[in-house]
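Asker: One structure, pasted below without further comment.
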Amino acid sequence: MLDARAGRVLLGQLLPPSIPGRKGWLDDISGAFVGLKLPFTPENICAAAAVIEQESSWQGDPVVPGLPTIVWGKIEERTAKYHMPLALAKAALLKPSRDGRSYKARIDSLRTETEMNDLYEELAEEARRIGLPVGMHNPIRTGGPMQVSVAFAEAQTQAWPYPYPRAGSWRKEVFTRRGGTYFGIAMLLQYPANYSQMIYRFADYNAGRYTSRNAAVQQVVGQLAGKKLSFDGDLLRYDENGRPTGGVSATQQAIYRLAPRLGMTQSAIDADLAREKYSDFAQTRFYRRLYELAGPTAVRERLPGIDLKSPKISRHLTTEWFARRVDGRYQRCLARRP
């Protein structure tokens, strides 16, 4: 395994030669690898570089087209919930903000995620004073050069020590180049997955860890049960915050039909399905029995079929599209191996 100094040399050989702020990227990526105790391999380095290039084109503070429209839409949603006319909200936003400009002027000139994040943090604190409904929370849940989830960053710090001093909230840290790179690389690489190709990690990065494994499970279940299932990688039903709803999903229904052949009760199946977001799901009785039934040629990984939805997305995109785009960048990076 390469030490940090040799790893940085390899990193310098693999990163595109003309990216802006190249030394800063070398510092932040190598710092993340050291802090996360990840091996400096061409595969790991190129995977991280490919996601950064796809998500931000090597911009530490990515520009997002149409941010003012996104923000005004979310303000209208929030004020409507409190039966407040939009015109009244716009009047409140004519008041001066902390930088001297009106809030309206700042909204209309938004270009980057960091600007938007700073604006929302201020609005959350000042809403009552300027006459807006409280709870003006940031509608964007991902940020920084790798578009990593703020919720993931907060959870990551509970499981692994953050190697840098933190100046503000974890949300603010995600929107920095250093923090966003660190948490993005953690999301991409710091978990065990026995995939045959890196493209399945890219799909997981977009849709959630182990989505590619679980989408394969859905394919196998559908084939054995004779039922058409969607391959979204969610074996249970979840709400918008990622919590199980308790309702029975179509995948569960199909699995219940297989219960006699699996030699398992529904309650035993449900207990194993509750592990679907973790690496040890592949060691559960359900998973082992399913693949014993399916045989040695059954798929254990596949690209999920998920349509992407976000305030920042204005056209029809899918997780498969994302994974293939990133994989193309990954392969071009590997071609630069010395």
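We label chains A, B, ... in the order they appear in the structure tokens, count residues from 1 in each chain, and number ligands from 1 in the order shown.
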Excluding Ser30 in chain A and residues on its chain fewer than 6 positions from it, collect all residues at most 12 Å away from it, counting only C-alpha atoms, and give them as a list in words.

Answerer: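 Those residues are Leu2, Asp3, Ala4, Arg5, Ala6, Gly7, Arg8, Val9, Leu10, Leu11, Gly12, Leu15, Lys23, Gly24, Leu36, Lys37, Leu38, Pro39, Phe40, Thr41, Asn44, Ile45, Ala48, Ala49, Arg178, Thr181, Tyr182 and Ile185 of chain A.
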
Asker: Counting only C-alpha atoms, what is within 6 Å of range 150-166 of chain A, bar same-chain residues fewer than 3 positions away, as a PDB file with N, CA and C atoms, in the first residue's frame?

Answerer:
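Output file out-v6.pdb is given in full below:
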```pdb
ATOM      1  N   GLY A  35      -7.420  10.880   5.999  1.00  0.00           N
ATOM      2  CA  GLY A  35      -8.360  10.952   7.106  1.00  0.00           C
ATOM      3  C   GLY A  35      -9.295   9.758   7.168  1.00  0.00           C
ATOM      4  N   ARG A 141     -30.713  19.492  -0.471  1.00  0.00           N
ATOM      5  CA  ARG A 141     -30.219  18.551   0.526  1.00  0.00           C
ATOM      6  C   ARG A 141     -28.818  18.043   0.226  1.00  0.00           C
ATOM      7  N   THR A 142     -28.300  18.351  -0.946  1.00  0.00           N
ATOM      8  CA  THR A 142     -26.946  17.952  -1.295  1.00  0.00           C
ATOM      9  C   THR A 142     -26.152  19.179  -1.705  1.00  0.00           C
ATOM     10  N   ARG A 171     -23.749  21.350   7.666  1.00  0.00           N
ATOM     11  CA  ARG A 171     -24.242  21.793   6.350  1.00  0.00           C
ATOM     12  C   ARG A 171     -23.240  22.768   5.731  1.00  0.00           C
ATOM     13  N   PHE A 183     -16.461  14.327   2.594  1.00  0.00           N
ATOM     14  CA  PHE A 183     -17.683  13.546   2.812  1.00  0.00           C
ATOM     15  C   PHE A 183     -18.092  12.788   1.546  1.00  0.00           C
TER      16      PHE A 183
END
```

Asker: Residues near Glu53 in chain A, anyone? I mean within 10 Å using only C-alpha atoms, not counting same-chain ones fewer than 5 positions away, as a PyMOL selection string.

Answerer: chain A and resi 16+19+48+58-59+145-146+326+329-330

Asker: So that I have them on file, write out the residues from the current selection with C-alpha atoms, as a CSV table (one decimal), in the first residue's frame.

Answerer:
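result.csv written:
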```
chain,number,residue,atom,x,y,z
A,16,PRO,CA,-6.4,16.2,-15.2
A,19,ILE,CA,-8.1,21.8,-13.6
A,48,ALA,CA,-13.2,10.1,-6.6
A,58,TRP,CA,-13.8,20.8,-10.6
A,59,GLN,CA,-15.6,23.8,-9.2
A,145,PRO,CA,-18.1,19.7,-5.3
A,146,MET,CA,-19.4,16.1,-4.9
A,326,VAL,CA,-19.2,8.9,-14.3
A,329,ARG,CA,-14.8,9.8,-16.8
A,330,TYR,CA,-13.4,7.0,-14.5
```

Asker: With a distance cut-off of 12 Å and only C-alpha atoms, select the neighbouring residues of range 238-245 of chain A, excluding the residue or stretch itself and same-chain residues fewer than 4 positions from it, and output the selection as a PyMOL selection string.

Answerer: chain A and resi 141+149+151-152+207-208+232-234+249+270+273-277+309

Asker: Just list as an MDAnalysis selection string whatever in range 18-153 of chain A DSSP marks as helix (DSSP H, G or I).

Answerer: chainID A and resid 22:36 42:56 67:81 86:92 103:108 113:130 150:153

Asker: I need the chosen residues saved as a PDB file, in the first residue's frame, with C-alpha atoms.

Answerer:
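Saved to result-v3.pdb:
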```pdb
ATOM      1  CA  ARG A  22      -5.065  21.977  -8.854  1.00  0.00           C
ATOM      2  CA  LYS A  23      -2.876  22.141  -5.733  1.00  0.00           C
ATOM      3  CA  GLY A  24      -5.938  22.736  -3.569  1.00  0.00           C
ATOM      4  CA  TRP A  25      -7.617  19.669  -5.064  1.00  0.00           C
ATOM      5  CA  LEU A  26      -4.477  17.617  -4.418  1.00  0.00           C
ATOM      6  CA  ASP A  27      -4.506  18.776  -0.793  1.00  0.00           C
ATOM      7  CA  ASP A  28      -8.212  18.082  -0.265  1.00  0.00           C
ATOM      8  CA  ILE A  29      -8.351  14.694  -1.983  1.00  0.00           C
ATOM      9  CA  SER A  30      -5.163  13.392  -0.368  1.00  0.00           C
ATOM     10  CA  GLY A  31      -6.360  14.756   2.989  1.00  0.00           C
ATOM     11  CA  ALA A  32      -9.613  12.852   2.616  1.00  0.00           C
ATOM     12  CA  PHE A  33      -7.821   9.593   1.743  1.00  0.00           C
ATOM     13  CA  VAL A  34      -5.538   9.938   4.764  1.00  0.00           C
ATOM     14  CA  GLY A  35      -8.360  10.952   7.106  1.00  0.00           C
ATOM     15  CA  LEU A  36     -10.582   8.072   5.950  1.00  0.00           C
ATOM     16  CA  PRO A  42      -5.550   4.248  -9.203  1.00  0.00           C
ATOM     17  CA  GLU A  43      -9.071   2.841  -8.961  1.00  0.00           C
ATOM     18  CA  ASN A  44      -9.953   4.727  -5.778  1.00  0.00           C
ATOM     19  CA  ILE A  45      -8.354   7.972  -6.933  1.00  0.00           C
ATOM     20  CA  CYS A  46     -10.011   7.857 -10.346  1.00  0.00           C
ATOM     21  CA  ALA A  47     -13.402   7.000  -8.812  1.00  0.00           C
ATOM     22  CA  ALA A  48     -13.242  10.088  -6.606  1.00  0.00           C
ATOM     23  CA  ALA A  49     -11.987  12.269  -9.466  1.00  0.00           C
ATOM     24  CA  ALA A  50     -14.731  11.034 -11.804  1.00  0.00           C
ATOM     25  CA  VAL A  51     -17.502  11.940  -9.350  1.00  0.00           C
ATOM     26  CA  ILE A  52     -16.005  15.387  -8.688  1.00  0.00           C
ATOM     27  CA  GLU A  53     -15.741  16.058 -12.419  1.00  0.00           C
ATOM     28  CA  GLN A  54     -19.301  14.879 -13.062  1.00  0.00           C
ATOM     29  CA  GLU A  55     -20.870  16.762 -10.169  1.00  0.00           C
ATOM     30  CA  SER A  56     -18.999  20.065 -10.287  1.00  0.00           C
ATOM     31  CA  LEU A  67     -31.182  29.143  -8.413  1.00  0.00           C
ATOM     32  CA  PRO A  68     -33.372  32.273  -8.041  1.00  0.00           C
ATOM     33  CA  THR A  69     -36.316  30.430  -9.627  1.00  0.00           C
ATOM     34  CA  ILE A  70     -35.787  27.453  -7.302  1.00  0.00           C
ATOM     35  CA  VAL A  71     -35.663  29.662  -4.219  1.00  0.00           C
ATOM     36  CA  TRP A  72     -38.727  31.754  -5.140  1.00  0.00           C
ATOM     37  CA  GLY A  73     -40.670  28.553  -5.784  1.00  0.00           C
ATOM     38  CA  LYS A  74     -39.762  27.181  -2.366  1.00  0.00           C
ATOM     39  CA  ILE A  75     -40.630  30.475  -0.670  1.00  0.00           C
ATOM     40  CA  GLU A  76     -44.038  30.404  -2.354  1.00  0.00           C
ATOM     41  CA  GLU A  77     -44.600  26.825  -1.140  1.00  0.00           C
ATOM     42  CA  ARG A  78     -43.643  27.761   2.407  1.00  0.00           C
ATOM     43  CA  THR A  79     -45.755  30.910   2.594  1.00  0.00           C
ATOM     44  CA  ALA A  80     -48.754  29.132   1.038  1.00  0.00           C
ATOM     45  CA  LYS A  81     -48.556  26.560   3.824  1.00  0.00           C
ATOM     46  CA  LEU A  86     -46.603  35.739  -1.894  1.00  0.00           C
ATOM     47  CA  ALA A  87     -46.822  39.513  -2.400  1.00  0.00           C
ATOM     48  CA  LEU A  88     -46.617  39.987   1.369  1.00  0.00           C
ATOM     49  CA  ALA A  89     -43.598  37.694   1.563  1.00  0.00           C
ATOM     50  CA  LYS A  90     -41.881  39.619  -1.237  1.00  0.00           C
ATOM     51  CA  ALA A  91     -42.522  42.855   0.627  1.00  0.00           C
ATOM     52  CA  ALA A  92     -40.869  41.393   3.726  1.00  0.00           C
ATOM     53  CA  TYR A 103     -33.087  39.742   0.698  1.00  0.00           C
ATOM     54  CA  LYS A 104     -34.884  40.009  -2.640  1.00  0.00           C
ATOM     55  CA  ALA A 105     -31.755  41.356  -4.329  1.00  0.00           C
ATOM     56  CA  ARG A 106     -29.700  38.518  -2.911  1.00  0.00           C
ATOM     57  CA  ILE A 107     -32.206  35.921  -4.080  1.00  0.00           C
ATOM     58  CA  ASP A 108     -32.350  37.383  -7.593  1.00  0.00           C
ATOM     59  CA  GLU A 113     -24.850  26.785  -3.680  1.00  0.00           C
ATOM     60  CA  THR A 114     -22.740  28.450  -1.007  1.00  0.00           C
ATOM     61  CA  GLU A 115     -24.469  31.780  -1.611  1.00  0.00           C
ATOM     62  CA  MET A 116     -27.826  30.055  -1.327  1.00  0.00           C
ATOM     63  CA  ASN A 117     -26.820  28.151   1.794  1.00  0.00           C
ATOM     64  CA  ASP A 118     -25.640  31.352   3.504  1.00  0.00           C
ATOM     65  CA  LEU A 119     -28.882  33.090   2.534  1.00  0.00           C
ATOM     66  CA  TYR A 120     -31.083  30.314   3.938  1.00  0.00           C
ATOM     67  CA  GLU A 121     -29.134  30.075   7.178  1.00  0.00           C
ATOM     68  CA  GLU A 122     -29.644  33.799   7.650  1.00  0.00           C
ATOM     69  CA  LEU A 123     -33.336  33.609   6.724  1.00  0.00           C
ATOM     70  CA  ALA A 124     -33.854  30.797   9.233  1.00  0.00           C
ATOM     71  CA  GLU A 125     -32.519  33.080  11.977  1.00  0.00           C
ATOM     72  CA  GLU A 126     -34.188  36.304  10.803  1.00  0.00           C
ATOM     73  CA  ALA A 127     -37.566  35.025   9.565  1.00  0.00           C
ATOM     74  CA  ARG A 128     -39.549  36.132  12.603  1.00  0.00           C
ATOM     75  CA  ARG A 129     -37.913  39.578  12.679  1.00  0.00           C
ATOM     76  CA  ILE A 130     -38.648  40.392   9.022  1.00  0.00           C
ATOM     77  CA  VAL A 150     -25.937  16.854   4.315  1.00  0.00           C
ATOM     78  CA  ALA A 151     -27.724  14.066   6.202  1.00  0.00           C
ATOM     79  CA  PHE A 152     -24.958  11.635   5.239  1.00  0.00           C
ATOM     80  CA  ALA A 153     -22.285  14.057   6.436  1.00  0.00           C
TER      81      ALA A 153
END
```

Asker: Do a neighbour search on Phe286 in chain A at 10 Å with only C-alpha atoms, toss out local chain neighbours closer than 6 positions, and write the hits as an NGL selection string.

Answerer: :A and (255 or 259 or 262-264 or 268-273 or 292)

Asker: Give me, please, the distance in Å between CA of Phe175 in chain A and CA of Trp321 in chain A, quoted to one decimal.

Answerer: 24.8 Å
